[in-house]
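Shown next: protein.txt, containing compact mmCIF, C-alpha atoms.
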# COMPACT_ATOMS: atom_id res chain seq x y z
CA MET A 368 33.11 8.32 -46.97
CA ALA A 369 36.37 6.38 -47.00
CA GLU A 370 38.44 6.23 -43.84
CA SER A 371 41.64 8.28 -43.72
CA PRO A 372 44.98 6.39 -43.75
CA ALA A 373 45.51 7.33 -40.11
CA ALA A 374 42.12 5.87 -39.15
CA GLU A 375 42.88 2.69 -41.06
CA TRP A 376 46.23 2.36 -39.31
CA ARG A 377 44.62 2.86 -35.90
CA ALA A 378 42.08 0.18 -36.73
CA GLN A 379 44.84 -2.25 -37.70
CA VAL A 380 46.78 -1.45 -34.53
CA ASP A 381 43.63 -2.19 -32.54
CA GLU A 382 43.22 -5.52 -34.35
CA VAL A 383 46.80 -6.55 -33.60
CA THR A 384 46.37 -5.44 -29.99
CA ASP A 385 43.31 -7.70 -29.79
CA ALA A 386 45.37 -10.55 -31.28
CA LEU A 387 48.05 -10.03 -28.61
CA GLU A 388 45.40 -10.11 -25.89
CA ALA A 389 43.95 -13.29 -27.40
CA LEU A 390 47.43 -14.83 -27.39
CA THR A 391 47.77 -13.98 -23.70
CA ARG A 392 44.42 -15.63 -22.95
CA THR A 393 45.49 -18.72 -24.89
CA LEU A 394 48.67 -18.98 -22.81
CA ASP A 395 46.62 -18.75 -19.62
CA HIS A 396 44.83 -22.06 -20.26
CA GLU A 397 46.77 -23.92 -22.95
CA GLU A 398 49.97 -25.95 -22.51
CA ASP A 399 50.24 -27.67 -25.89
CA LEU A 400 52.73 -25.76 -28.04
CA GLY A 401 51.19 -26.97 -31.30
CA THR A 402 47.79 -25.63 -30.30
CA ILE A 403 49.31 -22.30 -29.28
CA LEU A 404 51.10 -21.94 -32.62
CA ARG A 405 47.90 -22.72 -34.53
CA GLN A 406 46.12 -20.01 -32.56
CA VAL A 407 48.94 -17.60 -33.43
CA CYS A 408 48.31 -18.24 -37.13
CA VAL A 409 44.54 -17.87 -36.83
CA GLN A 410 44.75 -14.71 -34.74
CA ILE A 411 47.11 -12.88 -37.11
CA THR A 412 44.88 -13.61 -40.12
CA GLU A 413 41.99 -12.06 -38.18
CA ALA A 414 44.10 -9.04 -37.20
CA LEU A 415 45.52 -8.11 -40.61
CA PRO A 416 42.86 -7.82 -43.32
CA ASP A 417 45.13 -8.83 -46.22
CA ALA A 418 46.47 -11.92 -44.42
CA ASP A 419 44.35 -14.63 -46.00
CA VAL A 420 46.37 -17.58 -44.71
CA ALA A 421 49.29 -17.90 -42.30
CA SER A 422 51.84 -20.46 -41.23
CA ILE A 423 54.84 -20.91 -38.95
CA THR A 424 57.98 -22.44 -40.39
CA VAL A 425 60.61 -24.00 -38.13
CA ARG A 426 64.18 -24.72 -39.18
CA HIS A 427 65.90 -27.89 -37.98
CA GLY A 428 69.52 -27.72 -39.13
CA ASP A 429 69.32 -27.58 -42.91
CA THR A 430 65.69 -28.69 -43.14
CA TYR A 431 62.41 -26.83 -42.72
CA GLU A 432 58.94 -27.86 -41.66
CA THR A 433 55.60 -26.17 -41.13
CA ALA A 434 54.84 -26.29 -37.42
CA ALA A 435 51.36 -24.74 -37.64
CA SER A 436 49.00 -23.06 -40.07
CA SER A 437 45.65 -21.29 -40.21
CA ASN A 438 44.48 -23.34 -43.18
CA PRO A 439 45.68 -26.64 -44.71
CA VAL A 440 46.10 -24.93 -48.10
CA VAL A 441 49.22 -23.21 -46.79
CA LEU A 442 51.00 -26.55 -46.36
CA ASP A 443 51.41 -26.88 -50.12
CA ILE A 444 52.65 -23.30 -50.37
CA ASP A 445 55.28 -23.86 -47.71
CA ALA A 446 56.28 -27.20 -49.24
CA ALA A 447 56.92 -25.38 -52.53
CA GLN A 448 59.32 -23.05 -50.70
CA TYR A 449 61.17 -25.92 -49.09
CA ARG A 450 61.52 -27.78 -52.40
CA ALA A 451 62.70 -24.70 -54.25
CA GLY A 452 65.01 -23.62 -51.45
CA GLN A 453 63.71 -20.08 -51.90
CA GLY A 454 60.83 -17.97 -50.72
CA PRO A 455 59.79 -15.32 -48.19
CA CYS A 456 59.96 -17.44 -45.05
CA LEU A 457 63.39 -18.88 -45.93
CA GLU A 458 64.69 -15.38 -46.62
CA ALA A 459 63.26 -14.07 -43.35
CA ILE A 460 64.96 -16.87 -41.43
CA ALA A 461 68.27 -16.40 -43.25
CA THR A 462 68.42 -12.60 -42.92
CA GLY A 463 66.58 -12.06 -39.65
CA GLU A 464 64.57 -9.33 -41.36
CA VAL A 465 60.90 -8.90 -42.26
CA VAL A 466 60.30 -9.78 -45.92
CA ARG A 467 57.50 -7.93 -47.78
CA VAL A 468 57.01 -8.77 -51.45
CA ASP A 469 54.27 -8.46 -54.11
CA VAL A 470 53.67 -10.94 -56.90
CA SER A 471 55.83 -9.23 -59.54
CA THR A 472 58.83 -9.01 -57.23
CA ALA A 473 58.30 -12.61 -56.08
CA VAL A 474 58.45 -13.84 -59.68
CA GLU A 475 61.82 -12.11 -60.08
CA LYS A 476 63.27 -13.17 -56.71
CA TRP A 477 61.94 -16.72 -56.41
CA PRO A 478 60.68 -17.86 -59.82
CA ASP A 479 60.20 -21.53 -58.95
CA PHE A 480 58.37 -20.86 -55.72
CA ALA A 481 56.35 -17.93 -57.08
CA LYS A 482 55.08 -20.07 -59.96
CA ALA A 483 53.79 -22.75 -57.56
CA ALA A 484 52.27 -20.16 -55.20
CA THR A 485 50.56 -18.24 -58.01
CA GLU A 486 48.95 -21.45 -59.22
CA VAL A 487 46.97 -21.61 -55.94
CA GLY A 488 46.14 -17.91 -56.01
CA ILE A 489 48.82 -16.45 -53.72
CA ARG A 490 49.98 -13.01 -54.87
CA SER A 491 51.23 -11.21 -51.75
CA TYR A 492 53.88 -12.27 -49.25
CA LEU A 493 54.91 -11.11 -45.78
CA ALA A 494 57.20 -13.03 -43.42
CA ALA A 495 58.79 -12.15 -40.08
CA PRO A 496 61.67 -14.08 -38.48
CA LEU A 497 61.18 -15.92 -35.19
CA THR A 498 64.27 -16.46 -33.06
CA ILE A 499 63.50 -18.59 -30.03
CA ASP A 500 67.02 -19.64 -29.05
CA PRO A 501 70.35 -20.30 -30.85
CA GLU A 502 69.16 -23.79 -31.87
CA LEU A 503 65.58 -22.93 -32.81
CA ALA A 504 64.59 -20.39 -35.45
CA GLY A 505 61.70 -19.97 -37.82
CA ALA A 506 59.33 -17.49 -39.41
CA LEU A 507 55.72 -16.37 -39.23
CA ASN A 508 54.44 -16.29 -42.79
CA LEU A 509 51.46 -14.44 -44.23
CA PHE A 510 50.05 -14.98 -47.73
CA GLY A 511 47.42 -12.94 -49.52
CA TYR A 512 45.24 -13.40 -52.59
CA THR A 513 45.31 -9.72 -53.60
CA ASP A 514 47.73 -8.19 -56.12
CA HIS A 515 48.64 -5.00 -54.28
CA GLY A 516 50.83 -6.68 -51.65
CA TYR A 517 51.25 -5.71 -48.01
CA HIS A 518 51.90 -2.21 -46.73
CA GLU A 519 54.70 -1.01 -44.49
CA ILE A 520 52.28 -0.75 -41.57
CA ASP A 521 51.48 -4.46 -42.04
CA ALA A 522 55.17 -5.28 -41.81
CA LYS A 523 55.60 -3.21 -38.64
CA LEU A 524 52.57 -4.76 -36.99
CA LEU A 525 53.67 -8.28 -37.92
CA GLU A 526 57.11 -7.55 -36.48
CA LEU A 527 55.48 -6.40 -33.23
CA TYR A 528 53.26 -9.46 -33.09
CA SER A 529 56.18 -11.79 -33.88
CA THR A 530 58.20 -10.35 -31.01
CA ALA A 531 55.36 -11.23 -28.65
CA VAL A 532 55.13 -14.71 -30.17
CA GLU A 533 58.86 -15.24 -29.60
CA ALA A 534 58.49 -14.33 -25.93
CA ALA A 535 55.43 -16.57 -25.58
CA VAL A 536 57.14 -19.58 -27.15
CA ARG A 537 60.22 -19.11 -24.97
CA SER A 538 58.01 -19.00 -21.87
CA ILE A 539 56.00 -22.09 -22.75
CA ARG A 540 59.18 -24.03 -23.64
CA ARG A 541 60.71 -23.11 -20.27
CA TYR A 542 57.52 -24.11 -18.50
CA LEU A 543 57.30 -27.45 -20.33
CA ALA A 544 60.98 -28.17 -19.62
CA ALA A 545 60.48 -27.41 -15.92
CA ARG A 546 57.33 -29.55 -15.82
CA ASP A 547 59.12 -32.48 -17.46
CA LEU A 548 62.04 -32.13 -15.07
CA ALA A 549 59.69 -32.09 -12.09
CA GLN A 550 57.98 -35.22 -13.37
CA GLU A 551 61.32 -36.94 -13.82
CA LEU A 552 62.30 -36.02 -10.27
CA ARG A 553 58.99 -37.30 -8.92
CA THR A 554 59.44 -40.55 -10.81
CA ALA A 555 63.03 -40.89 -9.57
CA LEU A 556 62.00 -40.29 -5.98
CA ALA A 557 59.11 -42.74 -6.24
CA SER A 558 61.43 -45.33 -7.78
CA ARG A 559 64.00 -44.88 -5.03
CA ALA A 560 61.33 -45.17 -2.34
CA VAL A 561 59.91 -48.47 -3.64
CA ILE A 562 63.40 -49.90 -4.25
CA ASP A 563 64.39 -49.01 -0.68
CA GLN A 564 61.19 -50.65 0.54
CA ALA A 565 61.95 -53.81 -1.42
CA LYS A 566 65.50 -53.84 -0.08
CA GLY A 567 64.22 -53.60 3.48
CA MET A 568 61.83 -56.50 2.94
CA LEU A 569 64.57 -58.63 1.43
CA MET A 570 66.90 -57.82 4.32
CA ALA A 571 64.27 -59.01 6.78
CA ALA A 572 63.27 -62.08 4.78
CA ARG A 573 66.77 -63.21 3.75
CA HIS A 574 68.73 -61.87 6.73
CA VAL A 575 71.15 -60.01 4.44
CA SER A 576 72.75 -56.57 4.47
CA ALA A 577 71.43 -53.58 2.52
CA ASP A 578 74.14 -53.97 -0.15
CA GLU A 579 73.44 -57.68 -0.49
CA ALA A 580 69.70 -57.04 -0.80
CA PHE A 581 70.31 -54.47 -3.52
CA GLN A 582 72.57 -56.86 -5.45
CA LEU A 583 69.86 -59.52 -5.24
CA LEU A 584 67.41 -57.06 -6.79
CA VAL A 585 69.84 -56.09 -9.55
CA ARG A 586 70.60 -59.71 -10.48
CA GLN A 587 66.93 -60.66 -10.55
CA SER A 588 66.15 -57.59 -12.63
CA GLN A 589 68.78 -58.57 -15.19
CA GLN A 590 67.75 -62.22 -15.24
CA GLN A 591 64.08 -61.39 -15.78
CA ASN A 592 64.84 -58.46 -18.10
CA VAL A 593 62.61 -56.05 -16.21
CA LYS A 594 63.29 -52.59 -14.86
CA LEU A 595 64.52 -52.43 -11.29
CA ARG A 596 61.55 -50.29 -10.19
CA GLU A 597 59.03 -52.69 -11.74
CA LEU A 598 60.69 -55.63 -9.99
CA ALA A 599 60.69 -53.75 -6.69
CA VAL A 600 56.98 -52.93 -6.99
CA ARG A 601 56.18 -56.55 -7.73
CA LEU A 602 58.32 -57.79 -4.86
CA VAL A 603 56.79 -55.36 -2.37
CA THR A 604 53.30 -56.43 -3.48
CA GLU A 605 54.13 -60.13 -3.10
CA LEU A 606 55.87 -59.79 0.26
CA SER A 607 53.06 -57.61 1.62
CA ARG A 608 50.44 -60.29 1.13
CA PRO A 609 49.26 -61.94 4.35

Structure encoded using C-alpha cells:
Amino acid sequence: MAESPAAEWRAQVDEVTDALEALTRTLDHEEDLGTILRQVCVQITEALPDADVASITVRHGDTYETAASSNPVVLDIDAAQYRAGQGPCLEAIATGEVVRVDVSTAVEKWPDFAKAATEVGIRSYLAAPLTIDPELAGALNLFGYTDHGYHEIDAKLLELYSTAVEAAVRSIRRYLAARDLAQELRTALASRAVIDQAKGMLMAARHVSADEAFQLLVRQSQQQNVKLRELAVRLVTELSRP
C-alpha cells in the first residue's frame, strides 16, 4: 500500500532534520570551509529523494564559481550556467527566491543552459539563495534526473536547510577570522619580544641607547634584505652562544 502524501512529507521532514543534525556534527569537528560545504551538498542529496546531485555556487562580483559539489558531474552543469549567463542558481542569486523548474519550463526560460543540462540527463531543477553577508552571496543547487520536477514541499525543505547553512557558514567564517586574528596577534607579540631581546643585547654589547640599538637592527635588516624579526632571532642566537 502506497504511503499517503502526509506520510511522505513527514518522512522528508525527518530526512532534512537528520541532515541538519549531521551538519551540526560536522561543525563540531571540522574547521575547513570547503569540507563543510561538500558535506552540505552530500547531506541534502541524501535528505531529498529527487536530489540526484547538488552544488553550491558562489558569486564574486560579476563572476560565479562552484565552491562545492556532491559529484564532479555537477561541475559541467554549473559551468554551462555560467557560460550561458542563465540558469536556476543564477536566478536564485539574482532574485533571492527559491527557483523550482521542470525540464519543459527550463527549455523555455534558459534554452542554452537547458540544452547542455539535458545532454547529461538533468531534467529537474531546484535552487535556493544563500546570503552570507553583503559581499558574499550564492545558491544551493539541486539537480534531478527525473522528468516530474520537484514538489513544493521540496522547495520549502530546501529553503529551511539553506537558512541553516547560511547561519553555519557565517559562524565558521567568524571563527576563522577570529582564529587568524589571534594568530596574527601571537606572531606580532612574539616578534616584538625577540626584537626587544635583540635590542637589549645590542645595547649591552655596543653600549648604545635603545633607539640606537633599534636603528642598528633596522639598517642591518635593510642591508641584508631580511625581515626584522628574522634578523633579531639570528642575532639573539649568535649573541647567546658561550

Checklist outcome for this item: Between atom CA of Ser422 of chain A and atom CA of Gly505 of chain A lies a distance of 10.4 Å

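Closest approach to Gln582 of chain A among A:Ile499, A:Val536, A:Leu595, A:Ala522 is made by A:Leu595 (distances from only C-alpha atoms).
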
Report as lines of an AutoDock Vina configuration file the centre and the edge lengths, in Å to one decimal, of the axis-aligned box holding every listed atom of segment 557-570 of chain A, padded by 3 Å on each side.
center_x = 63.0
center_y = -50.7
center_z = -1.7
size_x = 13.8
size_y = 21.9
size_z = 18.1

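For the pair atom CA of Arg405 of chain A and atom CA of Ala549 of chain A, the interatomic distance is 27.0 Å.
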
Next on the checklist: Set the distance at 10 Å and use all atoms listed in the file: which residues neighbour Asp521 of chain A once local chain neighbours fewer than 2 positions away are removed? I'd like the list as a list in words.
Outcome noted: Trp376, Gln379, Val380, Val383, Ala414, Leu415, Pro416, Asp417, Ala418, Arg467, Leu493, Gly516, Tyr517, His518, Glu519, Lys523, Leu524, Leu525, Glu526 and Leu527 of chain A

Next on the checklist: Around (47.8, -16.7, -40.9), as given in the file, which residues come within 9 Å? Count only C-alpha atoms and list them as a VMD selection string.
Outcome noted: chain A and resid 405 407 to 413 415 418 to 423 436 to 438 441 507 to 510

Within 12 Å of Pro455 of chain A using all atoms listed in the file, minus same-chain residues under 6 positions, as an mmCIF file with C-alpha atoms, in the frame of the given file:
data_model
loop_
_atom_site.group_PDB
_atom_site.id
_atom_site.type_symbol
_atom_site.label_atom_id
_atom_site.label_comp_id
_atom_site.auth_asym_id
_atom_site.auth_seq_id
_atom_site.Cartn_x
_atom_site.Cartn_y
_atom_site.Cartn_z
ATOM 1 C CA SER A 422 51.840 -20.460 -41.230
ATOM 2 C CA ILE A 423 54.840 -20.910 -38.950
ATOM 3 C CA THR A 424 57.980 -22.440 -40.390
ATOM 4 C CA ILE A 444 52.650 -23.300 -50.370
ATOM 5 C CA ASP A 445 55.280 -23.860 -47.710
ATOM 6 C CA ALA A 447 56.920 -25.380 -52.530
ATOM 7 C CA GLN A 448 59.320 -23.050 -50.700
ATOM 8 C CA TYR A 449 61.170 -25.920 -49.090
ATOM 9 C CA ALA A 461 68.270 -16.400 -43.250
ATOM 10 C CA THR A 462 68.420 -12.600 -42.920
ATOM 11 C CA GLY A 463 66.580 -12.060 -39.650
ATOM 12 C CA GLU A 464 64.570 -9.330 -41.360
ATOM 13 C CA VAL A 465 60.900 -8.900 -42.260
ATOM 14 C CA VAL A 466 60.300 -9.780 -45.920
ATOM 15 C CA ARG A 467 57.500 -7.930 -47.780
ATOM 16 C CA VAL A 468 57.010 -8.770 -51.450
ATOM 17 C CA ASP A 469 54.270 -8.460 -54.110
ATOM 18 C CA VAL A 470 53.670 -10.940 -56.900
ATOM 19 C CA THR A 472 58.830 -9.010 -57.230
ATOM 20 C CA ALA A 473 58.300 -12.610 -56.080
ATOM 21 C CA VAL A 474 58.450 -13.840 -59.680
ATOM 22 C CA LYS A 476 63.270 -13.170 -56.710
ATOM 23 C CA TRP A 477 61.940 -16.720 -56.410
ATOM 24 C CA PRO A 478 60.680 -17.860 -59.820
ATOM 25 C CA PHE A 480 58.370 -20.860 -55.720
ATOM 26 C CA ALA A 481 56.350 -17.930 -57.080
ATOM 27 C CA ALA A 484 52.270 -20.160 -55.200
ATOM 28 C CA SER A 491 51.230 -11.210 -51.750
ATOM 29 C CA TYR A 492 53.880 -12.270 -49.250
ATOM 30 C CA LEU A 493 54.910 -11.110 -45.780
ATOM 31 C CA ALA A 494 57.200 -13.030 -43.420
ATOM 32 C CA ALA A 495 58.790 -12.150 -40.080
ATOM 33 C CA PRO A 496 61.670 -14.080 -38.480
ATOM 34 C CA GLY A 505 61.700 -19.970 -37.820
ATOM 35 C CA ALA A 506 59.330 -17.490 -39.410
ATOM 36 C CA LEU A 507 55.720 -16.370 -39.230
ATOM 37 C CA ASN A 508 54.440 -16.290 -42.790
ATOM 38 C CA LEU A 509 51.460 -14.440 -44.230
ATOM 39 C CA PHE A 510 50.050 -14.980 -47.730
#

Residues proximal to (65.0, -57.0, -2.7) were defined as those with any atom within 9 Å of that point in the file's coordinates, counting only C-alpha atoms. Which are they, as a short mmCIF file (atom, residue, chain, number, x, y, z; two decimals) with C-alpha atoms, in the coordinates of the input?
data_model
loop_
_atom_site.label_atom_id
_atom_site.label_comp_id
_atom_site.auth_asym_id
_atom_site.auth_seq_id
_atom_site.Cartn_x
_atom_site.Cartn_y
_atom_site.Cartn_z
CA ILE A 562 63.40 -49.90 -4.25
CA ASP A 563 64.39 -49.01 -0.68
CA GLN A 564 61.19 -50.65 0.54
CA ALA A 565 61.95 -53.81 -1.42
CA LYS A 566 65.50 -53.84 -0.08
CA GLY A 567 64.22 -53.60 3.48
CA MET A 568 61.83 -56.50 2.94
CA LEU A 569 64.57 -58.63 1.43
CA MET A 570 66.90 -57.82 4.32
CA ALA A 577 71.43 -53.58 2.52
CA GLU A 579 73.44 -57.68 -0.49
CA ALA A 580 69.70 -57.04 -0.80
CA PHE A 581 70.31 -54.47 -3.52
CA GLN A 582 72.57 -56.86 -5.45
CA LEU A 583 69.86 -59.52 -5.24
CA LEU A 584 67.41 -57.06 -6.79
CA VAL A 585 69.84 -56.09 -9.55
CA GLN A 587 66.93 -60.66 -10.55
CA LEU A 598 60.69 -55.63 -9.99
CA ALA A 599 60.69 -53.75 -6.69
CA LEU A 602 58.32 -57.79 -4.86
CA VAL A 603 56.79 -55.36 -2.37
#

Checklist entry - In Å, how far is it from atom CA of Arg450 of chain A to atom CA of Glu502 of chain A? => result 22.3 Å

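In terms of minimum interatomic distance to Ser471 of chain A, A:His515 ranks closest within A:His515, A:Asn592, A:Thr498, A:Glu458, counting all atoms listed in the file.
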
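Of the residues under consideration (A:Ala560, A:Leu497, A:Ala572, A:Ile489), A:Leu497 shows the shortest atom-to-atom contact distance to Ala535 of chain A when counting only C-alpha atoms.
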
Next on the checklist: Residues within 8 Å of Arg426 of chain A, please, as a ChimeraX atom specification. Count only C-alpha atoms; anything in the same chain fewer than 6 positions from it doesn't count.
Outcome noted: /A:432,503-505

Could you rebuild segment 498-533 of chain A with N, CA and C atoms and give it back as a PDB file, keeping the file's coordinate frame?
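File part_33.pdb, as written:
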ATOM      1  N   THR A 498      63.056 -15.927 -33.661  1.00  0.00           N
ATOM      2  CA  THR A 498      64.270 -16.460 -33.060  1.00  0.00           C
ATOM      3  C   THR A 498      63.962 -16.825 -31.615  1.00  0.00           C
ATOM      4  N   ILE A 499      63.871 -18.123 -31.365  1.00  0.00           N
ATOM      5  CA  ILE A 499      63.500 -18.590 -30.030  1.00  0.00           C
ATOM      6  C   ILE A 499      64.743 -18.786 -29.169  1.00  0.00           C
ATOM      7  N   ASP A 500      65.743 -19.464 -29.704  1.00  0.00           N
ATOM      8  CA  ASP A 500      67.020 -19.640 -29.050  1.00  0.00           C
ATOM      9  C   ASP A 500      68.047 -19.942 -30.138  1.00  0.00           C
ATOM     10  N   PRO A 501      69.343 -20.078 -29.795  1.00  0.00           N
ATOM     11  CA  PRO A 501      70.350 -20.300 -30.850  1.00  0.00           C
ATOM     12  C   PRO A 501      70.110 -21.549 -31.687  1.00  0.00           C
ATOM     13  N   GLU A 502      69.408 -22.536 -31.145  1.00  0.00           N
ATOM     14  CA  GLU A 502      69.160 -23.790 -31.870  1.00  0.00           C
ATOM     15  C   GLU A 502      67.817 -23.818 -32.574  1.00  0.00           C
ATOM     16  N   LEU A 503      66.936 -22.886 -32.263  1.00  0.00           N
ATOM     17  CA  LEU A 503      65.580 -22.930 -32.810  1.00  0.00           C
ATOM     18  C   LEU A 503      65.213 -21.581 -33.429  1.00  0.00           C
ATOM     19  N   ALA A 504      64.982 -21.598 -34.739  1.00  0.00           N
ATOM     20  CA  ALA A 504      64.590 -20.390 -35.450  1.00  0.00           C
ATOM     21  C   ALA A 504      63.486 -20.740 -36.429  1.00  0.00           C
ATOM     22  N   GLY A 505      62.772 -19.730 -36.879  1.00  0.00           N
ATOM     23  CA  GLY A 505      61.700 -19.970 -37.820  1.00  0.00           C
ATOM     24  C   GLY A 505      61.170 -18.660 -38.366  1.00  0.00           C
ATOM     25  N   ALA A 506      59.950 -18.693 -38.873  1.00  0.00           N
ATOM     26  CA  ALA A 506      59.330 -17.490 -39.410  1.00  0.00           C
ATOM     27  C   ALA A 506      57.819 -17.610 -39.338  1.00  0.00           C
ATOM     28  N   LEU A 507      57.178 -16.471 -39.158  1.00  0.00           N
ATOM     29  CA  LEU A 507      55.720 -16.370 -39.230  1.00  0.00           C
ATOM     30  C   LEU A 507      55.382 -15.818 -40.606  1.00  0.00           C
ATOM     31  N   ASN A 508      54.643 -16.600 -41.382  1.00  0.00           N
ATOM     32  CA  ASN A 508      54.440 -16.290 -42.790  1.00  0.00           C
ATOM     33  C   ASN A 508      52.990 -15.934 -43.078  1.00  0.00           C
ATOM     34  N   LEU A 509      52.791 -14.841 -43.811  1.00  0.00           N
ATOM     35  CA  LEU A 509      51.460 -14.440 -44.230  1.00  0.00           C
ATOM     36  C   LEU A 509      51.392 -14.455 -45.763  1.00  0.00           C
ATOM     37  N   PHE A 510      50.267 -14.926 -46.283  1.00  0.00           N
ATOM     38  CA  PHE A 510      50.050 -14.980 -47.730  1.00  0.00           C
ATOM     39  C   PHE A 510      48.694 -14.358 -48.039  1.00  0.00           C
ATOM     40  N   GLY A 511      48.660 -13.590 -49.133  1.00  0.00           N
ATOM     41  CA  GLY A 511      47.420 -12.940 -49.520  1.00  0.00           C
ATOM     42  C   GLY A 511      47.041 -13.230 -50.957  1.00  0.00           C
ATOM     43  N   TYR A 512      45.737 -13.125 -51.229  1.00  0.00           N
ATOM     44  CA  TYR A 512      45.240 -13.400 -52.590  1.00  0.00           C
ATOM     45  C   TYR A 512      45.134 -12.132 -53.436  1.00  0.00           C
ATOM     46  N   THR A 513      45.425 -10.972 -52.850  1.00  0.00           N
ATOM     47  CA  THR A 513      45.310  -9.720 -53.600  1.00  0.00           C
ATOM     48  C   THR A 513      46.632  -9.367 -54.274  1.00  0.00           C
ATOM     49  N   ASP A 514      46.543  -8.538 -55.333  1.00  0.00           N
ATOM     50  CA  ASP A 514      47.730  -8.190 -56.120  1.00  0.00           C
ATOM     51  C   ASP A 514      48.569  -7.086 -55.496  1.00  0.00           C
ATOM     52  N   HIS A 515      47.945  -6.231 -54.677  1.00  0.00           N
ATOM     53  CA  HIS A 515      48.640  -5.000 -54.280  1.00  0.00           C
ATOM     54  C   HIS A 515      49.721  -5.227 -53.222  1.00  0.00           C
ATOM     55  N   GLY A 516      49.793  -6.407 -52.644  1.00  0.00           N
ATOM     56  CA  GLY A 516      50.830  -6.680 -51.650  1.00  0.00           C
ATOM     57  C   GLY A 516      50.503  -6.088 -50.298  1.00  0.00           C
ATOM     58  N   TYR A 517      51.439  -6.237 -49.365  1.00  0.00           N
ATOM     59  CA  TYR A 517      51.250  -5.710 -48.010  1.00  0.00           C
ATOM     60  C   TYR A 517      51.877  -4.322 -47.922  1.00  0.00           C
ATOM     61  N   HIS A 518      51.392  -3.556 -46.948  1.00  0.00           N
ATOM     62  CA  HIS A 518      51.900  -2.210 -46.730  1.00  0.00           C
ATOM     63  C   HIS A 518      52.955  -2.216 -45.626  1.00  0.00           C
ATOM     64  N   GLU A 519      53.655  -1.109 -45.513  1.00  0.00           N
ATOM     65  CA  GLU A 519      54.700  -1.010 -44.490  1.00  0.00           C
ATOM     66  C   GLU A 519      54.112  -1.153 -43.090  1.00  0.00           C
ATOM     67  N   ILE A 520      52.912  -0.624 -42.882  1.00  0.00           N
ATOM     68  CA  ILE A 520      52.280  -0.750 -41.570  1.00  0.00           C
ATOM     69  C   ILE A 520      52.018  -2.222 -41.239  1.00  0.00           C
ATOM     70  N   ASP A 521      51.687  -3.025 -42.260  1.00  0.00           N
ATOM     71  CA  ASP A 521      51.480  -4.460 -42.040  1.00  0.00           C
ATOM     72  C   ASP A 521      52.773  -5.110 -41.543  1.00  0.00           C
ATOM     73  N   ALA A 522      53.884  -4.719 -42.187  1.00  0.00           N
ATOM     74  CA  ALA A 522      55.170  -5.280 -41.810  1.00  0.00           C
ATOM     75  C   ALA A 522      55.533  -4.906 -40.370  1.00  0.00           C
ATOM     76  N   LYS A 523      55.290  -3.646 -40.000  1.00  0.00           N
ATOM     77  CA  LYS A 523      55.600  -3.210 -38.640  1.00  0.00           C
ATOM     78  C   LYS A 523      54.742  -3.934 -37.605  1.00  0.00           C
ATOM     79  N   LEU A 524      53.468  -4.090 -37.926  1.00  0.00           N
ATOM     80  CA  LEU A 524      52.570  -4.760 -36.990  1.00  0.00           C
ATOM     81  C   LEU A 524      52.909  -6.245 -36.871  1.00  0.00           C
ATOM     82  N   LEU A 525      53.275  -6.872 -37.987  1.00  0.00           N
ATOM     83  CA  LEU A 525      53.670  -8.280 -37.920  1.00  0.00           C
ATOM     84  C   LEU A 525      54.947  -8.435 -37.110  1.00  0.00           C
ATOM     85  N   GLU A 526      55.871  -7.501 -37.257  1.00  0.00           N
ATOM     86  CA  GLU A 526      57.110  -7.550 -36.480  1.00  0.00           C
ATOM     87  C   GLU A 526      56.804  -7.446 -34.982  1.00  0.00           C
ATOM     88  N   LEU A 527      55.887  -6.544 -34.638  1.00  0.00           N
ATOM     89  CA  LEU A 527      55.480  -6.400 -33.230  1.00  0.00           C
ATOM     90  C   LEU A 527      54.848  -7.687 -32.717  1.00  0.00           C
ATOM     91  N   TYR A 528      53.940  -8.234 -33.495  1.00  0.00           N
ATOM     92  CA  TYR A 528      53.260  -9.460 -33.090  1.00  0.00           C
ATOM     93  C   TYR A 528      54.249 -10.615 -32.973  1.00  0.00           C
ATOM     94  N   SER A 529      55.192 -10.710 -33.900  1.00  0.00           N
ATOM     95  CA  SER A 529      56.180 -11.790 -33.880  1.00  0.00           C
ATOM     96  C   SER A 529      57.071 -11.718 -32.648  1.00  0.00           C
ATOM     97  N   THR A 530      57.396 -10.503 -32.229  1.00  0.00           N
ATOM     98  CA  THR A 530      58.200 -10.350 -31.010  1.00  0.00           C
ATOM     99  C   THR A 530      57.459 -10.920 -29.802  1.00  0.00           C
ATOM    100  N   ALA A 531      56.160 -10.672 -29.735  1.00  0.00           N
ATOM    101  CA  ALA A 531      55.360 -11.230 -28.650  1.00  0.00           C
ATOM    102  C   ALA A 531      55.284 -12.751 -28.748  1.00  0.00           C
ATOM    103  N   VAL A 532      55.179 -13.262 -29.974  1.00  0.00           N
ATOM    104  CA  VAL A 532      55.130 -14.710 -30.170  1.00  0.00           C
ATOM    105  C   VAL A 532      56.442 -15.357 -29.712  1.00  0.00           C
ATOM    106  N   GLU A 533      57.564 -14.728 -30.046  1.00  0.00           N
ATOM    107  CA  GLU A 533      58.860 -15.240 -29.600  1.00  0.00           C
ATOM    108  C   GLU A 533      58.910 -15.371 -28.078  1.00  0.00           C
TER     109      GLU A 533
END
